[in-house]
$ cat entry_38.cif   # mmCIF, C-alpha atoms
data_start
loop_
_atom_site.label_atom_id
_atom_site.label_comp_id
_atom_site.auth_asym_id
_atom_site.auth_seq_id
_atom_site.Cartn_x
_atom_site.Cartn_y
_atom_site.Cartn_z
CA MET D 790 0.00 0.00 0.00
CA LYS D 791 2.82 2.40 0.88
CA VAL D 792 4.57 1.63 -2.40
CA PHE D 793 1.46 2.53 -4.40
CA SER D 794 0.92 5.74 -2.42
CA ALA D 795 4.52 6.83 -3.01
CA CYS D 796 4.29 6.03 -6.73
CA ILE D 797 1.03 7.96 -7.08
CA ALA D 798 2.41 11.07 -5.37
CA LEU D 799 5.66 11.00 -7.36
CA ASN D 800 3.96 10.58 -10.73
CA LEU D 801 1.22 13.13 -10.06
CA LEU D 802 3.84 15.76 -9.29
CA PHE D 803 5.69 14.96 -12.48
CA VAL D 804 2.48 15.15 -14.57
CA PHE D 805 1.92 18.75 -13.47
CA VAL D 806 5.52 19.70 -14.25
CA GLU D 807 5.55 17.96 -17.63
CA ALA D 808 2.18 19.42 -18.68
CA ALA D 809 3.26 22.94 -17.68
CA VAL D 810 6.47 22.70 -19.73
CA GLY D 811 4.57 21.13 -22.62
CA PHE D 812 2.08 24.02 -22.78
CA ALA D 813 4.83 26.60 -22.39
CA CYS D 814 6.91 25.07 -25.20
CA ASP D 815 3.97 23.90 -27.33
CA SER D 816 5.36 20.36 -27.36
CA LEU D 817 2.88 17.69 -28.35
CA GLY D 818 5.40 15.04 -27.33
CA LEU D 819 5.48 16.31 -23.76
CA LEU D 820 1.72 16.92 -23.60
CA SER D 821 0.91 13.43 -24.93
CA ASP D 822 3.37 11.89 -22.51
CA ALA D 823 1.90 13.95 -19.65
CA GLY D 824 -1.58 12.77 -20.62
CA HIS D 825 -0.39 9.19 -20.65
CA ASN D 826 1.34 9.65 -17.30
CA LEU D 827 -1.89 11.07 -15.88
CA GLY D 828 -3.61 7.93 -17.11
CA ASP D 829 -0.96 5.91 -15.30
CA VAL D 830 -1.66 7.85 -12.09
CA PHE D 831 -5.32 6.95 -12.49
CA THR D 832 -4.24 3.36 -13.14
CA LEU D 833 -2.25 3.29 -9.92
CA VAL D 834 -5.16 4.79 -7.97
CA LEU D 835 -7.62 2.23 -9.35
CA SER D 836 -5.18 -0.61 -8.73
CA LEU D 837 -4.71 0.49 -5.14
CA LEU D 838 -8.47 0.77 -4.67
CA ALA D 839 -8.99 -2.71 -6.12
CA ILE D 840 -6.35 -4.20 -3.80
CA LYS D 841 -8.09 -2.64 -0.79
CA MET D 842 -11.49 -3.89 -1.97
CA ALA D 843 -10.11 -7.39 -2.53
CA SER D 844 -9.00 -7.52 1.11
CA LEU D 845 -12.56 -6.97 2.38
CA HIS D 846 -14.43 -9.96 3.74
CA GLY D 847 -17.29 -11.55 1.84
CA ASN D 848 -20.92 -11.14 2.84
CA ARG D 849 -24.29 -12.71 2.09
CA HIS D 850 -24.53 -10.84 -1.21
CA PHE D 851 -20.85 -10.98 -2.31
CA THR D 852 -19.86 -14.39 -1.00
CA TYR D 853 -16.43 -14.18 -2.65
CA GLY D 854 -15.98 -10.66 -1.31
CA TYR D 855 -14.84 -7.98 -3.78
CA LYS D 856 -11.84 -9.85 -5.19
CA LYS D 857 -13.15 -9.66 -8.76
CA SER D 858 -12.62 -5.87 -8.62
CA THR D 859 -8.93 -6.43 -9.41
CA VAL D 860 -9.93 -8.02 -12.73
CA LEU D 861 -12.43 -5.27 -13.55
CA VAL D 862 -9.87 -2.55 -12.77
CA SER D 863 -7.35 -4.19 -15.10
CA LEU D 864 -9.95 -4.11 -17.88
CA VAL D 865 -10.91 -0.48 -17.18
CA ASN D 866 -7.26 0.62 -17.18
CA ALA D 867 -6.63 -1.08 -20.52
CA VAL D 868 -9.67 0.62 -22.10
CA ILE D 869 -8.58 4.04 -20.76
CA LEU D 870 -5.16 3.59 -22.34
CA LEU D 871 -6.72 2.72 -25.69
CA VAL D 872 -8.77 5.92 -25.57
CA ALA D 873 -5.58 7.86 -24.81
CA VAL D 874 -3.89 6.25 -27.82
CA GLY D 875 -6.70 7.46 -30.08
CA ALA D 876 -6.38 11.04 -28.78
CA ILE D 877 -2.60 11.04 -29.28
CA ILE D 878 -2.91 9.76 -32.87
CA ILE D 879 -5.45 12.47 -33.76
CA GLU D 880 -3.24 15.24 -32.37
CA SER D 881 -0.14 13.78 -33.98
CA VAL D 882 -1.74 13.77 -37.43
CA TYR D 883 -2.71 17.43 -36.93
CA LYS D 884 0.85 18.31 -35.93
CA LEU D 885 2.27 16.51 -38.96
CA ARG D 886 0.14 18.72 -41.17
CA ASN D 887 0.89 21.87 -39.16
CA PRO D 888 4.39 21.57 -37.59
CA GLU D 889 5.37 24.37 -35.20
CA PRO D 890 8.71 25.31 -33.56
CA VAL D 891 9.37 23.59 -30.22
CA ASN D 892 11.95 24.32 -27.51
CA GLY D 893 14.16 21.23 -27.79
CA VAL D 894 16.15 22.01 -24.62
CA ALA D 895 13.07 22.21 -22.40
CA VAL D 896 11.62 19.06 -23.95
CA SER D 897 14.82 17.07 -23.42
CA TRP D 898 15.35 18.13 -19.80
CA THR D 899 11.72 17.49 -18.84
CA ALA D 900 11.67 14.08 -20.50
CA ALA D 901 14.99 13.23 -18.83
CA ALA D 902 13.32 13.87 -15.48
CA GLY D 903 10.55 11.52 -16.66
CA ILE D 904 13.10 8.76 -17.17
CA VAL D 905 14.06 9.01 -13.51
CA VAL D 906 10.47 9.23 -12.22
CA ASN D 907 9.12 6.41 -14.39
CA GLY D 908 12.20 4.27 -13.81
CA VAL D 909 11.95 4.55 -10.02
CA THR D 910 8.21 3.83 -10.14
CA ALA D 911 8.70 0.77 -12.35
CA TRP D 912 11.42 -0.51 -10.02
CA LEU D 913 9.17 -0.15 -6.96
CA LEU D 914 6.26 -1.91 -8.67
CA MET D 915 8.47 -4.67 -10.06
CA LYS D 916 9.10 -5.94 -6.53
CA GLU D 917 5.35 -6.10 -5.86
CA SER D 918 4.10 -7.47 -9.19
CA GLY D 919 4.58 -11.24 -8.99
CA ASP D 920 1.76 -13.03 -10.90
CA ASP D 921 -0.85 -10.33 -10.26
CA ILE D 922 -1.88 -8.85 -13.64
CA ASN D 923 -3.38 -5.88 -11.80
CA ILE D 924 0.01 -4.82 -10.40
CA ARG D 925 1.94 -6.26 -13.35
CA GLY D 926 -0.10 -4.07 -15.68
CA ALA D 927 0.87 -0.97 -13.71
CA PHE D 928 4.52 -2.07 -13.75
CA LEU D 929 4.52 -2.64 -17.52
CA HIS D 930 3.01 0.78 -18.11
CA MET D 931 5.68 2.50 -16.07
CA ALA D 932 8.43 0.46 -17.73
CA MET D 933 7.10 1.44 -21.15
CA ASP D 934 6.88 5.06 -20.00
CA THR D 935 10.58 4.98 -19.21
CA LEU D 936 11.31 3.96 -22.78
CA VAL D 937 8.88 6.58 -24.08
CA SER D 938 10.65 9.31 -22.09
CA ILE D 939 13.91 8.23 -23.69
CA GLY D 940 12.25 8.71 -27.07
CA VAL D 941 11.09 12.21 -26.13
CA VAL D 942 14.65 13.11 -25.08
CA VAL D 943 15.85 11.98 -28.49
CA SER D 944 13.21 14.09 -30.25
CA GLY D 945 14.21 17.13 -28.18
CA LEU D 946 17.83 16.75 -29.18
CA VAL D 947 16.89 16.28 -32.85
CA MET D 948 14.82 19.48 -32.79
CA LEU D 949 17.60 21.36 -31.01
CA TYR D 950 20.37 20.45 -33.43
CA THR D 951 18.48 20.02 -36.73
CA GLY D 952 15.34 22.14 -36.45
CA PHE D 953 13.29 19.19 -37.71
CA TYR D 954 10.13 19.95 -35.68
CA MET D 955 7.99 17.25 -37.28
CA VAL D 956 9.92 14.75 -35.20
CA ASP D 957 7.75 15.82 -32.23
CA ALA D 958 4.63 14.43 -33.92
CA ILE D 959 6.52 11.38 -35.17
CA ILE D 960 7.68 10.55 -31.64
CA SER D 961 4.08 10.98 -30.45
CA LEU D 962 2.98 8.34 -32.95
CA VAL D 963 5.75 6.06 -31.71
CA ILE D 964 4.52 6.66 -28.15
CA ALA D 965 1.01 5.68 -29.24
CA ALA D 966 2.34 2.48 -30.82
CA VAL D 967 4.29 1.58 -27.66
CA ILE D 968 1.24 2.17 -25.47
CA LEU D 969 -0.95 0.09 -27.78
CA PHE D 970 1.58 -2.74 -27.83
CA SER D 971 2.00 -2.78 -24.05
CA THR D 972 -1.76 -2.55 -23.45
CA TRP D 973 -3.02 -5.21 -25.83
CA SER D 974 -1.99 -8.26 -23.78
CA LEU D 975 -3.40 -6.66 -20.61
CA LEU D 976 -6.69 -5.89 -22.37
CA ARG D 977 -6.99 -9.41 -23.76
CA GLU D 978 -6.14 -11.19 -20.50
CA SER D 979 -8.35 -8.98 -18.30
CA PHE D 980 -11.27 -9.38 -20.75
CA PHE D 981 -10.85 -13.15 -20.72
CA LEU D 982 -10.82 -13.20 -16.91
CA THR D 983 -13.93 -11.02 -16.82
CA MET D 984 -15.64 -13.63 -19.02
CA ASP D 985 -14.52 -16.38 -16.58
CA ALA D 986 -12.06 -17.90 -19.02
CA VAL D 987 -9.30 -20.16 -17.72
CA PRO D 988 -6.50 -17.86 -16.41
CA ALA D 989 -3.33 -17.75 -18.51
CA SER D 990 -1.33 -18.94 -15.49
CA VAL D 991 -3.27 -22.22 -15.38
CA SER D 992 -2.43 -25.07 -17.77
CA MET D 993 -5.52 -27.12 -18.58
CA ASP D 994 -3.36 -29.77 -20.27
CA SER D 995 -1.33 -30.33 -17.10
CA ILE D 996 -4.40 -30.45 -14.87
CA GLU D 997 -6.30 -32.87 -17.13
CA LYS D 998 -3.28 -35.17 -17.29
CA GLU D 999 -2.64 -35.12 -13.55
CA LEU D 1000 -6.29 -35.57 -12.55
CA SER D 1001 -6.39 -38.99 -14.17
CA GLU D 1002 -3.25 -39.97 -12.26
CA VAL D 1003 -4.71 -39.24 -8.80
CA PRO D 1004 -5.12 -42.59 -6.94
CA GLY D 1005 -8.77 -43.61 -6.62
CA VAL D 1006 -10.05 -41.52 -9.52
CA LYS D 1007 -11.84 -43.70 -12.10
CA GLY D 1008 -12.99 -40.82 -14.26
CA TRP D 1009 -13.90 -37.16 -14.16
CA HIS D 1010 -16.03 -34.59 -15.97
CA HIS D 1011 -17.56 -31.09 -15.62
CA LEU D 1012 -14.22 -29.40 -14.93
CA HIS D 1013 -14.59 -25.61 -14.73
CA ILE D 1014 -11.82 -23.17 -13.81
CA TRP D 1015 -12.12 -19.40 -13.46
CA ALA D 1016 -10.48 -16.44 -11.74
CA VAL D 1017 -11.81 -15.17 -8.43
CA SER D 1018 -9.33 -12.29 -8.63
CA THR D 1019 -6.07 -11.52 -10.40
CA THR D 1020 -4.24 -13.67 -7.82
CA GLU D 1021 -6.76 -16.40 -6.87
CA ASN D 1022 -8.43 -19.08 -8.99
CA ALA D 1023 -11.28 -21.47 -8.34
CA ALA D 1024 -12.56 -24.72 -9.85
CA THR D 1025 -15.42 -27.21 -9.70
CA LEU D 1026 -15.06 -30.86 -10.68
CA HIS D 1027 -17.08 -34.09 -10.74
CA VAL D 1028 -15.06 -37.27 -10.13
CA GLU D 1029 -16.03 -40.91 -10.30
CA ILE D 1030 -14.80 -43.26 -7.55
CA ASP D 1031 -15.37 -46.98 -6.88
CA ASP D 1032 -15.61 -46.86 -3.09
CA PRO D 1033 -16.93 -44.02 -0.87
CA VAL D 1034 -14.29 -45.03 1.65
CA ASP D 1035 -11.65 -43.54 -0.67
CA MET D 1036 -13.40 -40.18 -0.76
CA GLU D 1037 -11.13 -38.28 1.61
CA THR D 1038 -7.97 -39.67 0.01
CA VAL D 1039 -9.21 -38.75 -3.45
CA LYS D 1040 -10.28 -35.30 -2.30
CA HIS D 1041 -6.86 -34.63 -0.77
CA GLY D 1042 -5.07 -35.77 -3.94
CA LEU D 1043 -7.26 -33.63 -6.21
CA LYS D 1044 -6.85 -30.50 -4.14
CA LYS D 1045 -3.09 -31.01 -4.02
CA CYS D 1046 -3.06 -31.34 -7.82
CA MET D 1047 -5.11 -28.16 -8.21
CA ARG D 1048 -2.94 -26.11 -5.84
CA LYS D 1049 0.16 -27.29 -7.66
CA ASN D 1050 -1.33 -25.89 -10.88
CA GLY D 1051 -2.38 -22.53 -9.44
CA VAL D 1052 -5.99 -23.21 -8.35
CA GLN D 1053 -6.48 -22.23 -4.70
CA HIS D 1054 -10.20 -23.01 -4.28
CA CYS D 1055 -11.60 -26.32 -5.50
CA THR D 1056 -15.03 -27.90 -4.98
CA VAL D 1057 -15.26 -31.61 -5.81
CA GLU D 1058 -18.41 -33.68 -6.27
CA CYS D 1059 -17.87 -37.43 -5.88
CA GLU D 1060 -19.99 -39.96 -7.78
CA LEU D 1061 -20.20 -43.74 -7.87
CA PRO D 1062 -19.98 -45.59 -11.21
CA GLY D 1063 -23.22 -45.45 -13.18
CA CYS D 1064 -24.70 -42.71 -11.01
CA ASN D 1065 -25.93 -39.60 -12.80
CA CYS D 1066 -26.48 -37.61 -9.64
CA CYS D 1067 -24.02 -36.41 -7.02
CA GLU D 1068 -23.81 -38.82 -4.11
CA GLN D 1069 -21.74 -36.52 -1.91
CA GLU D 1070 -20.00 -33.21 -2.11
CA CYS D 1071 -16.48 -32.76 -0.83
CA ASN D 1072 -15.04 -29.35 -0.01
#
$ encode --input "entry_38.cif" --output "structure tokens"
Amino acid sequence: MKVFSACIALNLLFVFVEAAVGFACDSLGLLSDAGHNLGDVFTLVLSLLAIKMASLHGNRHFTYGYKKSTVLVSLVNAVILLVAVGAIIIESVYKLRNPEPVNGVAVSWTAAAGIVVNGVTAWLLMKESGDDINIRGAFLHMAMDTLVSIGVVVSGLVMLYTGFYMVDAIISLVIAAVILFSTWSLLRESFFLTMDAVPASVSMDSIEKELSEVPGVKGWHHLHIWAVSTTENAATLHVEIDDPVDMETVKHGLKKCMRKNGVQHCTVECELPGCNCCEQECN
């Protein structure tokens, strides 16, 4: 929580500085980067809010609690970035048609500061990311921002020494491409999780193979796996056993198999051969 708070404060301060310099120097590169950085601040705020919501206990209405909010926030953040990409492209095309002089020194120094700010933020988030796509998404954005700031520094130097002011719009288009590239996988994965698809971290092939190898399991069907949050997965499964006496042993083996493959919550229904209904439910 403290890491997110520090990252939010640091990046919000830089957004104001970068936007002010961008307006003063009429630099689309700086303004587009400031807009993207503001989106990242919003991303960090939403990610922090989702983490806090996920820690709340469940109730009679939300029996899983609010853990799914981390998935929804990842999807919202990806959509916001796509909207930002569209705005940057529109402005870049306008600038290509109507290039204006830009202060290359101011652009380079401001973007150089962005390298430090984004680099420090990415480093702080990297230690917290792990397998959480909510935090990993924020980390990837800040890492990409570091590269983008390097590109803006290059454009500032080009304008300073060559007077080629169209490079400002060209760099903005490159920024848009980088954002789109870094956002696409996050958008796809968060959308899939929202639709209760099998999480990318879970291998169905491995689980299906290992289920059949659990002692006491004669067959299985109705396997469903979905994400409870960006860090927790759940599953339901029907298994066929010969003897009810083996139920606890089978249940223990199945849950161990699931945990090994990244599924923390598993509900198993045990059935006897030839039975179409559930004889007992094991949790």
$ resolve_selection --input "entry_38.cif" --expression "the PyMOL selection byres ((chain D and resi 922-930) around 9)" --output "PyMOL selection string"
chain D and resi 829+832-833+836-837+839-840+859-860+862-863+866-867+910-915+917-921+931-935+968+971-972+975+978-979+1019-1020
$ atom_distance --input "entry_38.cif" --atom1 "CA of Lys1007 (chain D)" --atom2 "CA of Cys1055 (chain D)"
18.6 Å
$ atom_distance --input "entry_38.cif" --atom1 "CA of Val1006 (chain D)" --atom2 "CA of Val1052 (chain D)"
18.8 Å
$ resolve_selection --input "entry_38.cif" --expression "the PyMOL selection byres ((chain D and resi 894-907) around 9)" --output "number ranges by chain"
D: 796, 799-800, 803, 806-807, 810-811, 814, 816, 818-819, 822, 826, 891-893, 908-912, 931-946, 948-949
$ atom_distance --input "entry_38.cif" --atom1 "CA of Lys856 (chain D)" --atom2 "CA of Leu976 (chain D)"
18.4 Å
$ resolve_selection --input "entry_38.cif" --expression "the PyMOL selection byres ((chain D and resi 1047) around 12)" --output "PDB file with C-alpha atoms, in the frame of the given file"
ATOM      1  CA  VAL D 991      -3.270 -22.220 -15.380  1.00  0.00           C
ATOM      2  CA  SER D 992      -2.430 -25.070 -17.770  1.00  0.00           C
ATOM      3  CA  MET D 993      -5.520 -27.120 -18.580  1.00  0.00           C
ATOM      4  CA  SER D 995      -1.330 -30.330 -17.100  1.00  0.00           C
ATOM      5  CA  ILE D 996      -4.400 -30.450 -14.870  1.00  0.00           C
ATOM      6  CA  GLU D 997      -6.300 -32.870 -17.130  1.00  0.00           C
ATOM      7  CA  LYS D 998      -3.280 -35.170 -17.290  1.00  0.00           C
ATOM      8  CA  GLU D 999      -2.640 -35.120 -13.550  1.00  0.00           C
ATOM      9  CA  LEU D1000      -6.290 -35.570 -12.550  1.00  0.00           C
ATOM     10  CA  VAL D1003      -4.710 -39.240  -8.800  1.00  0.00           C
ATOM     11  CA  LEU D1012     -14.220 -29.400 -14.930  1.00  0.00           C
ATOM     12  CA  HIS D1013     -14.590 -25.610 -14.730  1.00  0.00           C
ATOM     13  CA  ILE D1014     -11.820 -23.170 -13.810  1.00  0.00           C
ATOM     14  CA  GLU D1021      -6.760 -16.400  -6.870  1.00  0.00           C
ATOM     15  CA  ASN D1022      -8.430 -19.080  -8.990  1.00  0.00           C
ATOM     16  CA  ALA D1023     -11.280 -21.470  -8.340  1.00  0.00           C
ATOM     17  CA  ALA D1024     -12.560 -24.720  -9.850  1.00  0.00           C
ATOM     18  CA  THR D1025     -15.420 -27.210  -9.700  1.00  0.00           C
ATOM     19  CA  LEU D1026     -15.060 -30.860 -10.680  1.00  0.00           C
ATOM     20  CA  LYS D1040     -10.280 -35.300  -2.300  1.00  0.00           C
ATOM     21  CA  HIS D1041      -6.860 -34.630  -0.770  1.00  0.00           C
ATOM     22  CA  GLY D1042      -5.070 -35.770  -3.940  1.00  0.00           C
ATOM     23  CA  LEU D1043      -7.260 -33.630  -6.210  1.00  0.00           C
ATOM     24  CA  LYS D1044      -6.850 -30.500  -4.140  1.00  0.00           C
ATOM     25  CA  LYS D1045      -3.090 -31.010  -4.020  1.00  0.00           C
ATOM     26  CA  CYS D1046      -3.060 -31.340  -7.820  1.00  0.00           C
ATOM     27  CA  ARG D1048      -2.940 -26.110  -5.840  1.00  0.00           C
ATOM     28  CA  LYS D1049       0.160 -27.290  -7.660  1.00  0.00           C
ATOM     29  CA  ASN D1050      -1.330 -25.890 -10.880  1.00  0.00           C
ATOM     30  CA  GLY D1051      -2.380 -22.530  -9.440  1.00  0.00           C
ATOM     31  CA  VAL D1052      -5.990 -23.210  -8.350  1.00  0.00           C
ATOM     32  CA  GLN D1053      -6.480 -22.230  -4.700  1.00  0.00           C
ATOM     33  CA  HIS D1054     -10.200 -23.010  -4.280  1.00  0.00           C
ATOM     34  CA  CYS D1055     -11.600 -26.320  -5.500  1.00  0.00           C
ATOM     35  CA  THR D1056     -15.030 -27.900  -4.980  1.00  0.00           C
ATOM     36  CA  VAL D1057     -15.260 -31.610  -5.810  1.00  0.00           C
TER      37      VAL D1057
END
$ closest_residue --input "entry_38.cif" --among "D:Ala965, D:Val1017, D:Leu982, D:Ile1030" --to "Pro1004 (chain D)" --atoms "all atoms listed in the file"
D:Ile1030
$ axis_aligned_box --input "entry_38.cif" --around "region 991-1001 of chain D" --padding-each-side "6 Å" --output "JSON"
{"center_x": -3.9, "center_y": -30.6, "center_z": -16.4, "size_x": 17.1, "size_y": 28.8, "size_z": 19.7}
$ residues_around --input "entry_38.cif" --residues "Lys884 (chain D)" --least-positions-apart "5" --cutoff "10 Å" --atoms "all atoms listed in the file" --output "tab-separated table (two decimals) with C-alpha atoms, in the frame of the given file"
chain	number	residue	atom	x	y	z
D	816	SER	CA	5.36	20.36	-27.36
D	817	LEU	CA	2.88	17.69	-28.35
D	878	ILE	CA	-2.91	9.76	-32.87
D	879	ILE	CA	-5.45	12.47	-33.76
D	889	GLU	CA	5.37	24.37	-35.20
D	954	TYR	CA	10.13	19.95	-35.68
D	955	MET	CA	7.99	17.25	-37.28
D	956	VAL	CA	9.92	14.75	-35.20
D	957	ASP	CA	7.75	15.82	-32.23
D	958	ALA	CA	4.63	14.43	-33.92
D	959	ILE	CA	6.52	11.38	-35.17
D	961	SER	CA	4.08	10.98	-30.45
$ closest_residue --input "entry_38.cif" --among "D:Gly847, D:Ile877, D:Ala1016, D:Phe793" --to "Ala986 (chain D)" --atoms "only C-alpha atoms"
D:Ala1016
$ residues_around --input "entry_38.cif" --residues "Val1028 (chain D)" --least-positions-apart "3" --cutoff "6 Å" --atoms "only C-alpha atoms" --output "PyMOL selection string"
chain D and resi 1008-1009+1059
$ residues_around --input "entry_38.cif" --residues "Leu801 (chain D)" --least-positions-apart "4" --cutoff "8 Å" --atoms "all atoms listed in the file" --output "PyMOL selection string"
chain D and resi 797+805+827+830
$ decode --input "entry_38.cif" --residues "region 936-945 of chain D" --atoms "all heavy atoms" --output "PDB file, in the first residue's frame"
ATOM      1  N   LEU D 936      10.815   4.002 -21.410  1.00  0.00           N
ATOM      2  CA  LEU D 936      11.309   3.959 -22.784  1.00  0.00           C
ATOM      3  C   LEU D 936      10.763   5.115 -23.607  1.00  0.00           C
ATOM      4  O   LEU D 936      11.465   5.689 -24.449  1.00  0.00           O
ATOM      5  CB  LEU D 936      10.904   2.624 -23.428  1.00  0.00           C
ATOM      6  CG  LEU D 936      11.497   1.361 -22.802  1.00  0.00           C
ATOM      7  CD1 LEU D 936      10.975   0.125 -23.522  1.00  0.00           C
ATOM      8  CD2 LEU D 936      13.011   1.398 -22.838  1.00  0.00           C
ATOM      9  N   VAL D 937       9.494   5.466 -23.360  1.00  0.00           N
ATOM     10  CA  VAL D 937       8.880   6.579 -24.078  1.00  0.00           C
ATOM     11  C   VAL D 937       9.599   7.886 -23.763  1.00  0.00           C
ATOM     12  O   VAL D 937       9.860   8.713 -24.650  1.00  0.00           O
ATOM     13  CB  VAL D 937       7.384   6.692 -23.711  1.00  0.00           C
ATOM     14  CG1 VAL D 937       6.803   8.017 -24.197  1.00  0.00           C
ATOM     15  CG2 VAL D 937       6.610   5.533 -24.329  1.00  0.00           C
ATOM     16  N   SER D 938       9.937   8.093 -22.487  1.00  0.00           N
ATOM     17  CA  SER D 938      10.650   9.307 -22.087  1.00  0.00           C
ATOM     18  C   SER D 938      12.007   9.395 -22.774  1.00  0.00           C
ATOM     19  O   SER D 938      12.459  10.480 -23.151  1.00  0.00           O
ATOM     20  CB  SER D 938      10.825   9.346 -20.562  1.00  0.00           C
ATOM     21  OG  SER D 938       9.574   9.454 -19.911  1.00  0.00           O
ATOM     22  N   ILE D 939      12.640   8.253 -22.959  1.00  0.00           N
ATOM     23  CA  ILE D 939      13.912   8.227 -23.687  1.00  0.00           C
ATOM     24  C   ILE D 939      13.691   8.709 -25.124  1.00  0.00           C
ATOM     25  O   ILE D 939      14.487   9.481 -25.672  1.00  0.00           O
ATOM     26  CB  ILE D 939      14.508   6.803 -23.678  1.00  0.00           C
ATOM     27  CG1 ILE D 939      14.903   6.408 -22.251  1.00  0.00           C
ATOM     28  CG2 ILE D 939      15.720   6.728 -24.602  1.00  0.00           C
ATOM     29  CD1 ILE D 939      15.377   4.970 -22.126  1.00  0.00           C
ATOM     30  N   GLY D 940      12.564   8.272 -25.719  1.00  0.00           N
ATOM     31  CA  GLY D 940      12.247   8.707 -27.072  1.00  0.00           C
ATOM     32  C   GLY D 940      12.003  10.200 -27.164  1.00  0.00           C
ATOM     33  O   GLY D 940      12.403  10.856 -28.131  1.00  0.00           O
ATOM     34  N   VAL D 941      11.349  10.770 -26.146  1.00  0.00           N
ATOM     35  CA  VAL D 941      11.095  12.207 -26.134  1.00  0.00           C
ATOM     36  C   VAL D 941      12.407  12.982 -25.996  1.00  0.00           C
ATOM     37  O   VAL D 941      12.581  14.045 -26.605  1.00  0.00           O
ATOM     38  CB  VAL D 941      10.124  12.580 -24.993  1.00  0.00           C
ATOM     39  CG1 VAL D 941       9.943  14.093 -24.901  1.00  0.00           C
ATOM     40  CG2 VAL D 941       8.763  11.915 -25.213  1.00  0.00           C
ATOM     41  N   VAL D 942      13.332  12.468 -25.202  1.00  0.00           N
ATOM     42  CA  VAL D 942      14.650  13.105 -25.082  1.00  0.00           C
ATOM     43  C   VAL D 942      15.330  13.148 -26.449  1.00  0.00           C
ATOM     44  O   VAL D 942      15.902  14.166 -26.849  1.00  0.00           O
ATOM     45  CB  VAL D 942      15.542  12.348 -24.068  1.00  0.00           C
ATOM     46  CG1 VAL D 942      16.985  12.851 -24.145  1.00  0.00           C
ATOM     47  CG2 VAL D 942      15.016  12.525 -22.658  1.00  0.00           C
ATOM     48  N   VAL D 943      15.250  12.040 -27.160  1.00  0.00           N
ATOM     49  CA  VAL D 943      15.854  11.977 -28.494  1.00  0.00           C
ATOM     50  C   VAL D 943      15.219  13.007 -29.421  1.00  0.00           C
ATOM     51  O   VAL D 943      15.917  13.719 -30.166  1.00  0.00           O
ATOM     52  CB  VAL D 943      15.703  10.562 -29.085  1.00  0.00           C
ATOM     53  CG1 VAL D 943      16.153  10.541 -30.537  1.00  0.00           C
ATOM     54  CG2 VAL D 943      16.511   9.554 -28.267  1.00  0.00           C
ATOM     55  N   SER D 944      13.877  13.128 -29.377  1.00  0.00           N
ATOM     56  CA  SER D 944      13.205  14.095 -30.252  1.00  0.00           C
ATOM     57  C   SER D 944      13.605  15.519 -29.905  1.00  0.00           C
ATOM     58  O   SER D 944      13.770  16.365 -30.790  1.00  0.00           O
ATOM     59  CB  SER D 944      11.689  13.940 -30.145  1.00  0.00           C
ATOM     60  OG  SER D 944      11.207  14.398 -28.892  1.00  0.00           O
ATOM     61  N   GLY D 945      13.784  15.798 -28.594  1.00  0.00           N
ATOM     62  CA  GLY D 945      14.207  17.133 -28.183  1.00  0.00           C
ATOM     63  C   GLY D 945      15.580  17.484 -28.718  1.00  0.00           C
ATOM     64  O   GLY D 945      15.821  18.616 -29.178  1.00  0.00           O
TER      65      GLY D 945
END
